>>> print(open('upload01.txt').read())   # compact mmCIF, C-alpha atoms and all ligand atoms
# COMPACT_ATOMS: atom_id res chain seq x y z
CA MET A 252 -15.75 172.61 -6.81
CA SER A 253 -16.59 169.06 -7.92
CA ASP A 254 -19.42 167.22 -6.21
CA ALA A 255 -17.06 164.45 -5.07
CA SER A 256 -15.03 166.85 -2.91
CA LEU A 257 -18.09 167.95 -0.93
CA ARG A 258 -19.05 166.39 2.40
CA ARG A 259 -22.73 165.68 2.00
CA ALA A 260 -25.57 164.99 4.41
CA CYS A 261 -29.31 164.86 3.82
CA ILE A 262 -32.74 164.69 5.38
CA VAL A 263 -34.67 161.60 4.44
CA GLY A 264 -38.43 161.48 4.86
CA HIS A 265 -41.69 160.98 2.99
CA PRO A 266 -42.81 163.66 2.28
CA VAL A 267 -39.83 165.93 2.90
CA ALA A 268 -40.45 169.02 0.74
CA HIS A 269 -41.60 171.05 3.79
CA SER A 270 -38.41 170.46 5.80
CA ARG A 271 -36.41 173.53 6.88
CA SER A 272 -33.33 171.41 7.63
CA PRO A 273 -31.63 172.13 4.26
CA LEU A 274 -32.07 175.87 4.85
CA ILE A 275 -30.49 175.59 8.32
CA HIS A 276 -27.56 173.33 7.45
CA ASN A 277 -26.69 175.02 4.16
CA HIS A 278 -26.68 178.36 6.00
CA TRP A 279 -24.17 177.02 8.53
CA LEU A 280 -22.02 175.45 5.78
CA ALA A 281 -21.80 178.80 3.97
CA GLU A 282 -21.25 180.75 7.19
CA LEU A 283 -18.41 178.45 8.31
CA GLY A 284 -16.88 178.13 4.82
CA ILE A 285 -17.18 174.33 4.85
CA ALA A 286 -17.16 172.52 1.51
CA GLY A 287 -20.37 170.60 2.07
CA ARG A 288 -23.98 170.27 1.05
CA TYR A 289 -27.21 169.17 2.72
CA ASP A 290 -29.89 167.65 0.47
CA ARG A 291 -33.50 166.51 0.64
CA GLU A 292 -34.26 162.85 -0.08
CA ASP A 293 -37.87 161.77 -0.48
CA VAL A 294 -37.80 158.02 0.11
CA ARG A 295 -40.86 155.76 0.34
CA PRO A 296 -41.06 153.38 3.32
CA GLU A 297 -40.53 150.32 1.12
CA ASP A 298 -37.28 151.82 -0.21
CA PHE A 299 -35.87 153.08 3.09
CA ALA A 300 -33.76 150.06 4.10
CA ALA A 301 -32.04 149.99 0.68
CA PHE A 302 -31.48 153.75 0.87
CA LEU A 303 -29.77 153.43 4.25
CA ALA A 304 -27.57 150.57 3.07
CA ALA A 305 -26.45 152.74 0.14
CA LEU A 306 -25.77 155.95 2.11
CA PRO A 307 -21.95 155.86 1.62
CA ALA A 308 -22.33 154.82 -2.03
CA ARG A 309 -24.55 157.85 -2.50
CA GLY A 310 -21.80 160.02 -1.03
CA TYR A 311 -23.46 160.78 2.30
CA VAL A 312 -21.60 161.01 5.60
CA GLY A 313 -24.92 160.88 7.45
CA GLY A 314 -28.17 162.73 7.74
CA ASN A 315 -31.44 163.37 9.50
CA VAL A 316 -34.42 161.05 9.49
CA THR A 317 -37.98 162.28 9.68
CA VAL A 318 -41.53 160.92 9.45
CA PRO A 319 -42.25 158.08 8.71
CA HIS A 320 -38.78 156.52 9.06
CA LYS A 321 -37.64 157.29 12.63
CA GLU A 322 -38.66 153.96 14.14
CA THR A 323 -37.37 151.95 11.15
CA ALA A 324 -34.04 153.77 11.41
CA PHE A 325 -33.98 152.82 15.10
CA ARG A 326 -34.17 149.14 14.12
CA LEU A 327 -31.73 149.30 11.21
CA VAL A 328 -28.71 151.15 12.63
CA THR A 329 -25.69 149.24 13.94
CA ARG A 330 -25.81 151.03 17.28
CA ARG A 331 -27.63 153.92 18.95
CA ASP A 332 -26.73 156.72 21.33
CA ALA A 333 -28.27 156.88 24.81
CA ALA A 334 -30.99 159.36 23.82
CA ALA A 335 -32.18 157.29 20.83
CA GLU A 336 -32.12 154.16 22.96
CA ALA A 337 -34.24 155.84 25.64
CA ILE A 338 -36.66 157.57 23.24
CA GLY A 339 -37.12 154.62 20.85
CA ALA A 340 -36.58 156.64 17.65
CA VAL A 341 -33.61 157.81 15.57
CA ASN A 342 -33.54 161.22 13.87
CA THR A 343 -29.79 161.61 13.23
CA LEU A 344 -27.42 159.22 11.44
CA TRP A 345 -23.63 159.25 11.22
CA PHE A 346 -20.77 156.80 10.71
CA GLU A 347 -18.20 155.72 13.25
CA GLY A 348 -15.77 153.72 11.14
CA HIS A 349 -18.04 151.56 9.02
CA ALA A 350 -20.77 151.41 11.70
CA LEU A 351 -23.95 153.37 11.05
CA VAL A 352 -24.89 155.07 14.34
CA GLY A 353 -28.34 156.46 15.15
CA GLY A 354 -28.95 159.28 17.59
CA ASN A 355 -31.87 161.41 18.68
CA SER A 356 -31.32 165.16 18.90
CA ASP A 357 -34.88 166.25 19.77
CA ALA A 358 -34.39 166.03 23.53
CA HIS A 359 -31.07 167.86 23.15
CA GLY A 360 -32.79 170.61 21.13
CA PHE A 361 -35.63 170.84 23.61
CA VAL A 362 -33.44 171.38 26.70
CA THR A 363 -30.80 173.52 24.98
CA ASN A 364 -33.53 175.87 23.81
CA LEU A 365 -35.03 176.01 27.30
CA ASP A 366 -31.60 176.57 28.88
CA GLU A 367 -31.06 179.52 26.52
CA GLU A 368 -34.51 181.06 26.56
CA VAL A 369 -35.52 180.37 30.16
CA PRO A 370 -32.41 179.96 32.36
CA GLY A 371 -33.19 178.16 35.61
CA TRP A 372 -36.33 176.54 34.17
CA ALA A 373 -35.63 173.08 35.66
CA VAL A 374 -36.52 173.62 39.30
CA PRO A 375 -35.38 170.85 41.67
CA ARG A 376 -38.06 168.12 41.95
CA GLY A 377 -40.19 170.14 39.54
CA ARG A 378 -43.36 168.90 37.87
CA ALA A 379 -43.96 168.96 34.15
CA VAL A 380 -47.19 168.49 32.21
CA VAL A 381 -46.69 167.07 28.72
CA LEU A 382 -49.62 167.29 26.27
CA GLY A 383 -49.55 164.40 23.79
CA ALA A 384 -47.97 160.95 23.81
CA GLY A 385 -46.31 160.59 20.37
CA GLY A 386 -42.67 160.90 19.30
CA ALA A 387 -42.28 164.52 20.43
CA ALA A 388 -43.76 163.67 23.84
CA HIS A 389 -41.27 160.79 24.20
CA SER A 390 -38.38 163.20 23.55
CA ALA A 391 -39.70 165.82 25.98
CA THR A 392 -40.38 163.21 28.66
CA TYR A 393 -36.86 161.79 28.33
CA ALA A 394 -35.37 165.29 28.62
CA LEU A 395 -37.55 166.33 31.56
CA LEU A 396 -36.85 163.12 33.51
CA ALA A 397 -33.13 163.60 32.85
CA ARG A 398 -33.40 167.02 34.52
CA GLY A 399 -34.96 165.44 37.61
CA MET A 400 -38.59 166.40 36.96
CA THR A 401 -41.66 164.23 37.22
CA VAL A 402 -43.91 164.15 34.15
CA ALA A 403 -47.71 164.05 33.92
CA VAL A 404 -48.62 162.92 30.39
CA VAL A 405 -52.03 164.16 29.23
CA ASN A 406 -53.45 162.57 26.09
CA ARG A 407 -56.86 162.03 24.52
CA THR A 408 -56.03 158.34 23.96
CA ALA A 409 -55.23 156.91 27.39
CA GLY A 410 -53.62 153.79 25.90
CA HIS A 411 -50.96 155.82 24.08
CA ALA A 412 -50.13 157.75 27.26
CA ARG A 413 -49.99 154.46 29.18
CA SER A 414 -47.51 153.04 26.62
CA LEU A 415 -45.31 156.11 27.04
CA ALA A 416 -45.42 155.82 30.84
CA ASP A 417 -44.64 152.08 30.70
CA TYR A 418 -41.74 152.81 28.35
CA PHE A 419 -40.08 155.18 30.83
CA GLY A 420 -41.19 153.58 34.10
CA THR A 421 -41.10 155.62 37.32
CA GLY A 422 -41.60 159.36 37.27
CA VAL A 423 -44.38 159.42 34.66
CA THR A 424 -48.13 159.49 35.37
CA VAL A 425 -51.00 159.17 32.88
CA HIS A 426 -54.00 161.51 32.59
CA LEU A 427 -56.94 162.39 30.39
CA PRO A 428 -57.51 166.04 29.30
CA GLY A 429 -60.34 166.35 31.85
CA GLU A 430 -57.74 166.23 34.65
CA LEU A 431 -55.83 169.30 33.44
CA SER A 432 -57.55 171.76 35.74
CA SER A 433 -56.13 169.90 38.74
CA LEU A 434 -52.67 169.33 37.17
CA LEU A 435 -51.97 172.90 36.00
CA PRO A 436 -51.80 174.60 39.44
CA GLU A 437 -48.91 172.24 40.37
CA ALA A 438 -47.03 172.43 37.05
CA ASP A 439 -43.62 174.12 36.74
CA VAL A 440 -43.36 173.37 33.01
CA LEU A 441 -46.18 172.89 30.47
CA VAL A 442 -45.27 171.55 27.01
CA ASN A 443 -47.49 171.11 23.97
CA CYS A 444 -46.31 167.99 22.13
CA THR A 445 -49.44 167.63 19.98
CA PRO A 446 -49.82 169.13 16.48
CA CYS A 447 -52.70 171.31 17.77
CA GLY A 448 -52.11 174.93 16.80
CA MET A 449 -50.16 174.04 13.65
CA GLU A 450 -51.19 175.76 10.45
CA GLY A 451 -54.20 173.85 9.12
CA LYS A 452 -54.87 172.05 12.43
CA SER A 453 -57.32 172.87 15.21
CA PRO A 454 -55.98 175.13 17.97
CA LEU A 455 -55.10 173.81 21.40
CA ALA A 456 -58.21 174.38 23.54
CA LEU A 457 -56.74 174.94 26.99
CA ASP A 458 -57.51 177.41 29.77
CA LEU A 459 -54.18 178.63 31.16
CA GLY A 460 -55.95 180.37 34.06
CA PRO A 461 -55.11 177.69 36.67
CA LEU A 462 -51.39 177.72 35.80
CA LYS A 463 -49.15 179.27 38.48
CA ALA A 464 -47.40 182.49 37.51
CA SER A 465 -43.89 180.99 37.62
CA ALA A 466 -44.73 178.15 35.21
CA VAL A 467 -42.76 177.93 31.95
CA VAL A 468 -44.78 177.24 28.79
CA CYS A 469 -43.32 175.57 25.67
CA ASP A 470 -44.78 174.66 22.31
CA MET A 471 -43.11 172.22 19.92
CA VAL A 472 -45.16 173.56 17.01
CA TYR A 473 -43.12 176.08 14.99
CA ALA A 474 -45.43 176.95 12.07
CA PRO A 475 -46.89 179.40 12.88
CA LEU A 476 -43.91 180.77 14.78
CA GLU A 477 -46.13 181.70 17.67
CA THR A 478 -49.23 179.59 18.22
CA ALA A 479 -52.33 181.02 19.89
CA PHE A 480 -51.40 178.85 22.90
CA LEU A 481 -47.95 180.44 23.21
CA ALA A 482 -49.34 183.92 22.56
CA GLU A 483 -51.81 183.44 25.40
CA ALA A 484 -49.00 182.25 27.70
CA ARG A 485 -46.98 185.34 26.75
CA ARG A 486 -50.01 187.57 27.40
CA ARG A 487 -50.30 186.01 30.86
CA ARG A 488 -46.59 186.82 31.44
CA HIS A 489 -45.37 183.23 31.59
CA ARG A 490 -41.82 182.60 30.44
CA ILE A 491 -42.01 180.79 27.11
CA ALA A 492 -39.90 178.72 24.69
CA ASP A 493 -40.99 178.13 21.11
CA GLY A 494 -40.72 175.24 18.67
CA LEU A 495 -38.39 177.02 16.25
CA GLY A 496 -35.72 177.41 18.96
CA MET A 497 -35.91 173.67 19.59
CA LEU A 498 -35.70 172.89 15.87
CA LEU A 499 -32.60 175.05 15.42
CA HIS A 500 -30.81 173.62 18.45
CA GLN A 501 -31.52 170.00 17.55
CA ALA A 502 -29.99 170.63 14.11
CA GLY A 503 -26.60 171.58 15.57
CA PHE A 504 -26.15 168.08 17.00
CA GLY A 505 -26.09 166.41 13.58
CA PHE A 506 -24.08 169.19 11.94
CA GLU A 507 -21.24 168.61 14.41
CA LYS A 508 -21.29 164.85 13.72
CA TRP A 509 -21.04 165.31 9.93
CA PHE A 510 -18.91 168.43 9.56
CA GLY A 511 -16.87 168.45 12.79
CA VAL A 512 -17.88 171.89 14.05
CA ARG A 513 -20.60 172.77 16.57
CA PRO A 514 -22.51 175.59 14.84
CA VAL A 515 -24.11 178.52 16.65
CA VAL A 516 -27.79 179.39 16.55
CA THR A 517 -27.54 183.08 15.69
CA PRO A 518 -30.26 185.73 15.34
CA ALA A 519 -29.40 185.79 11.60
CA LEU A 520 -30.19 182.08 11.23
CA ARG A 521 -33.37 182.45 13.20
CA ALA A 522 -34.45 185.38 11.01
CA LEU A 523 -33.72 183.34 7.88
CA VAL A 524 -35.96 180.47 8.99
CA GLU A 525 -38.61 182.85 10.34
CA ALA A 526 -38.79 184.53 6.93
CA ASP A 527 -39.22 181.12 5.31
CA ILE A 528 -41.99 180.16 7.72
CA GLY A 529 -43.76 183.48 7.41
CA GLY A 530 -42.24 186.42 9.26
CA PRO A 531 -41.18 187.05 12.87
CA ARG A 532 -43.54 185.97 15.59
CA LYS A 533 -45.96 188.48 16.98
CA GLY A 534 -44.90 190.31 20.12
CA GLY A 535 -41.18 190.48 19.31
CA ALA A 536 -38.41 188.79 21.36
P1 LIG B 601 -47.29 162.10 16.72
O1 LIG B 601 -46.28 161.04 17.03
O2 LIG B 601 -48.25 161.89 15.62
O3 LIG B 601 -48.12 162.35 18.09
C1 LIG B 601 -49.12 163.32 18.15
C2 LIG B 601 -49.76 163.34 19.55
O4 LIG B 601 -50.68 164.43 19.57
C3 LIG B 601 -50.55 162.09 19.91
O5 LIG B 601 -50.43 161.84 21.28
C4 LIG B 601 -51.99 162.49 19.54
O6 LIG B 601 -52.98 161.89 20.35
C5 LIG B 601 -51.99 163.96 19.87
N1 LIG B 601 -52.96 164.66 19.03
C6 LIG B 601 -52.98 164.73 17.68
N2 LIG B 601 -54.02 165.49 17.27
C7 LIG B 601 -54.68 165.86 18.39
C8 LIG B 601 -55.86 166.65 18.62
N3 LIG B 601 -56.54 167.19 17.61
N4 LIG B 601 -56.24 166.84 19.89
C9 LIG B 601 -55.55 166.31 20.92
N5 LIG B 601 -54.44 165.55 20.78
C10 LIG B 601 -54.01 165.34 19.51
O7 LIG B 601 -46.58 163.49 16.44
P2 LIG B 601 -45.15 163.98 16.99
O8 LIG B 601 -44.08 163.49 16.10
O9 LIG B 601 -45.10 163.66 18.44
O10 LIG B 601 -45.24 165.57 16.74
C11 LIG B 601 -46.10 166.41 17.49
C12 LIG B 601 -45.82 167.86 17.13
O11 LIG B 601 -44.52 168.22 17.55
C13 LIG B 601 -45.87 168.16 15.63
O12 LIG B 601 -46.50 169.40 15.45
C14 LIG B 601 -44.41 168.24 15.23
O13 LIG B 601 -44.20 169.08 14.11
C15 LIG B 601 -43.83 168.85 16.49
N6 LIG B 601 -42.38 168.60 16.64
C16 LIG B 601 -41.57 169.70 16.67
C17 LIG B 601 -40.21 169.52 16.85
C18 LIG B 601 -39.32 170.74 16.91
O14 LIG B 601 -38.09 170.61 16.74
N7 LIG B 601 -39.86 171.91 17.19
C19 LIG B 601 -39.67 168.24 16.97
C20 LIG B 601 -40.53 167.14 16.93
C21 LIG B 601 -41.91 167.35 16.77
P3 LIG B 601 -53.44 160.35 20.18
O15 LIG B 601 -52.41 159.54 20.90
O16 LIG B 601 -54.76 160.34 20.85
O17 LIG B 601 -53.51 160.07 18.72
>>> encode(input="upload01.txt", output="C-alpha cells", more="lines below")
Ligand code: NAP
Amino acid sequence: MSDASLRRACIVGHPVAHSRSPLIHNHWLAELGIAGRYDREDVRPEDFAAFLAALPARGYVGGNVTVPHKETAFRLVTRRDAAAEAIGAVNTLWFEGHALVGGNSDAHGFVTNLDEEVPGWAVPRGRAVVLGAGGAAHSATYALLARGMTVAVVNRTAGHARSLADYFGTGVTVHLPGELSSLLPEADVLVNCTPCGMEGKSPLALDLGPLKASAVVCDMVYAPLETAFLAEARRRRHRIADGLGMLLHQAGFGFEKWFGVRPVVTPALRALVEADIGGPRKGGA
C-alpha cells in the first residue's frame, strides 16, 4: 500500500523516543484493519509552530502533543475542546474542516481508568488529595471536580499549588506536604501526580497509615508499572488504579478522532505495553 493512501497521525515532542503511543496506536490500527500509521516526530520548541502549520502538508490528520509543547499547542490551535480549555494544555490535535482543534484526553483517561478499575470510586461530595501541581495535577483536578469532589492539592512549592487553585477557583484548597497527616484520614481518593517513584527518580515518601480503608489510591507514574507507593497501597488492601491504565484510555480519545473508531483497551494491548515497559506488575491483577 502506498504511503499516500494511509491515514497518518503522530506524537510530537522533544524528546519523544520514549513514547509508547506509537506502540498503542499501531496495535489498534492492525487489530482493526485500518490503513493507517502513527509516527514519532521529534520537534524542537523553536520549530514547533512551523511543524503545526505544515501538519496537513506532511500528510497528518492529527496527533498527540507531549512535553514541552502542550502549552504552545494550546495557544496555537484554532479552537479547543472543553477539557483543554479548563486544563490549559492541549495533548490531542485533529482537524474539523480546515480548523485545527486541540483537546486534552488526560482527564478522560484518568476517569475512564478509574471507572473501569474501581467502579463507584467517585463518592458523592467526596474528598480527593492530589499530590503535585503540574500538568498531570491540572488534569486530575479538572476530572475530580467534574465528578463533584473537592480537591486538596499538596505540593512542595506552595506558589505552584496556589496557581492551580486560582486557575480552577472554588473546590480546591492548597497545602504543604506537612499537612498530609491531617488530610489523609478524610480522603476518599489519593492521587500521585508527581514524577516521584518513576524509574530513576526518588520514591514517594508517604505514610499511608492514616488513610481510611475505603480510600482509592492512584498513581499517574507508569514506569515502573507498579510503583512502591501503589504496591504499599495494594498491600494495605486499598483499591488502586495505575498510570498505565490511564495512558491506554487517554489514547483511545485521539484514535477515534483520527481514524473514526473508538478502540478497546484489551488485556492483549495492556500486555504488549507492559512487556515494552518491563513485564507485568508485581502482585498480578
Ligand atoms: P510537571 O508538570 O513537571 O509537574 C510535576 C509536579 O511534581 C510539580 O508539582 C512538582 O513540584 C512535583 N515534583 C516533582 N519532583 C518532585 C519531588 N522530588 N518531590 C515532590 N514533588 C515533586 O509534570 P507532569 O506533567 O504533571 O507529570 C507528572 C507525572 O505524571 C509524570 O511522572 C508523568 O509521566 C505522569 N503522567 C502520566 C500520565 C498517564 O497517562 N499515566 C499522564 C500525564 C502525566 P514543584 O511544583 O514544587 O516543582
>>> residues_around(input="upload01.txt", residues="Ile285 (chain A)", least_positions_apart="6", cutoff="9 Å", atoms="all atoms listed in the file", output="PyMOL selection string")
chain A and resi 257-258+279+510
>>> write_last_selection(input="upload01.txt", atoms="C-alpha atoms", output="short mmCIF file (atom, residue, chain, number, x, y, z; two decimals), in the frame of the given file")
data_model
loop_
_atom_site.label_atom_id
_atom_site.label_comp_id
_atom_site.auth_asym_id
_atom_site.auth_seq_id
_atom_site.Cartn_x
_atom_site.Cartn_y
_atom_site.Cartn_z
CA LEU A 257 -18.09 167.95 -0.93
CA ARG A 258 -19.05 166.39 2.40
CA TRP A 279 -24.17 177.02 8.53
CA PHE A 510 -18.91 168.43 9.56
#
>>> residues_near_ligand(input="upload01.txt", ligand="ligand LIG 601 (chain B)", cutoff="6 Å", atoms="only C-alpha atoms and all ligand atoms", output="VMD selection string")
chain A and resid 357 383 to 388 406 to 408 411 444 to 447 471 to 473 494 to 495 497 to 498
>>> residues_around(input="upload01.txt", residues="region 415-431 of chain A", least_positions_apart="6", cutoff="6 Å", atoms="all atoms listed in the file", output="short mmCIF file (atom, residue, chain, number, x, y, z; two decimals) with C-alpha atoms, keeping the file's coordinate frame")
data_model
loop_
_atom_site.label_atom_id
_atom_site.label_comp_id
_atom_site.auth_asym_id
_atom_site.auth_seq_id
_atom_site.Cartn_x
_atom_site.Cartn_y
_atom_site.Cartn_z
CA THR A 401 -41.66 164.23 37.22
CA VAL A 402 -43.91 164.15 34.15
CA ALA A 403 -47.71 164.05 33.92
CA VAL A 404 -48.62 162.92 30.39
CA VAL A 405 -52.03 164.16 29.23
CA ASN A 406 -53.45 162.57 26.09
CA ARG A 407 -56.86 162.03 24.52
#
>>> residues_around(input="upload01.txt", residues="region 513-527 of chain A", least_positions_apart="4", cutoff="12 Å", atoms="all atoms listed in the file", output="ChimeraX atom specification")
/A:269-285,360,363-364,367,473-477,493-509,531-533,535-536
>>> residues_around(input="upload01.txt", residues="Ala466 (chain A)", least_positions_apart="2", cutoff="12 Å", atoms="all atoms listed in the file", output="PDB file with C-alpha atoms, in the frame of the given file")
ATOM      1  CA  VAL A 369     -35.520 180.370  30.160  1.00  0.00           C
ATOM      2  CA  GLY A 371     -33.190 178.160  35.610  1.00  0.00           C
ATOM      3  CA  TRP A 372     -36.330 176.540  34.170  1.00  0.00           C
ATOM      4  CA  ALA A 373     -35.630 173.080  35.660  1.00  0.00           C
ATOM      5  CA  VAL A 374     -36.520 173.620  39.300  1.00  0.00           C
ATOM      6  CA  GLY A 377     -40.190 170.140  39.540  1.00  0.00           C
ATOM      7  CA  ARG A 378     -43.360 168.900  37.870  1.00  0.00           C
ATOM      8  CA  ALA A 379     -43.960 168.960  34.150  1.00  0.00           C
ATOM      9  CA  VAL A 380     -47.190 168.490  32.210  1.00  0.00           C
ATOM     10  CA  LEU A 435     -51.970 172.900  36.000  1.00  0.00           C
ATOM     11  CA  PRO A 436     -51.800 174.600  39.440  1.00  0.00           C
ATOM     12  CA  GLU A 437     -48.910 172.240  40.370  1.00  0.00           C
ATOM     13  CA  ALA A 438     -47.030 172.430  37.050  1.00  0.00           C
ATOM     14  CA  ASP A 439     -43.620 174.120  36.740  1.00  0.00           C
ATOM     15  CA  VAL A 440     -43.360 173.370  33.010  1.00  0.00           C
ATOM     16  CA  LEU A 441     -46.180 172.890  30.470  1.00  0.00           C
ATOM     17  CA  VAL A 442     -45.270 171.550  27.010  1.00  0.00           C
ATOM     18  CA  LEU A 459     -54.180 178.630  31.160  1.00  0.00           C
ATOM     19  CA  GLY A 460     -55.950 180.370  34.060  1.00  0.00           C
ATOM     20  CA  PRO A 461     -55.110 177.690  36.670  1.00  0.00           C
ATOM     21  CA  LEU A 462     -51.390 177.720  35.800  1.00  0.00           C
ATOM     22  CA  LYS A 463     -49.150 179.270  38.480  1.00  0.00           C
ATOM     23  CA  ALA A 464     -47.400 182.490  37.510  1.00  0.00           C
ATOM     24  CA  VAL A 468     -44.780 177.240  28.790  1.00  0.00           C
ATOM     25  CA  CYS A 469     -43.320 175.570  25.670  1.00  0.00           C
ATOM     26  CA  ALA A 484     -49.000 182.250  27.700  1.00  0.00           C
ATOM     27  CA  ARG A 485     -46.980 185.340  26.750  1.00  0.00           C
ATOM     28  CA  ARG A 487     -50.300 186.010  30.860  1.00  0.00           C
ATOM     29  CA  ARG A 488     -46.590 186.820  31.440  1.00  0.00           C
ATOM     30  CA  HIS A 489     -45.370 183.230  31.590  1.00  0.00           C
ATOM     31  CA  ARG A 490     -41.820 182.600  30.440  1.00  0.00           C
ATOM     32  CA  ILE A 491     -42.010 180.790  27.110  1.00  0.00           C
ATOM     33  CA  ALA A 492     -39.900 178.720  24.690  1.00  0.00           C
TER      34      ALA A 492
END
>>> axis_aligned_box(input="upload01.txt", around="region 481-486 of chain A", padding_each_side="6 Å", output="JSON")
{"center_x": -49.4, "center_y": 184.0, "center_z": 25.1, "size_x": 16.8, "size_y": 19.1, "size_z": 17.1}
>>> atom_distance(input="upload01.txt", atom1="CA of Arg291 (chain A)", atom2="CA of Ala268 (chain A)")
7.4 Å
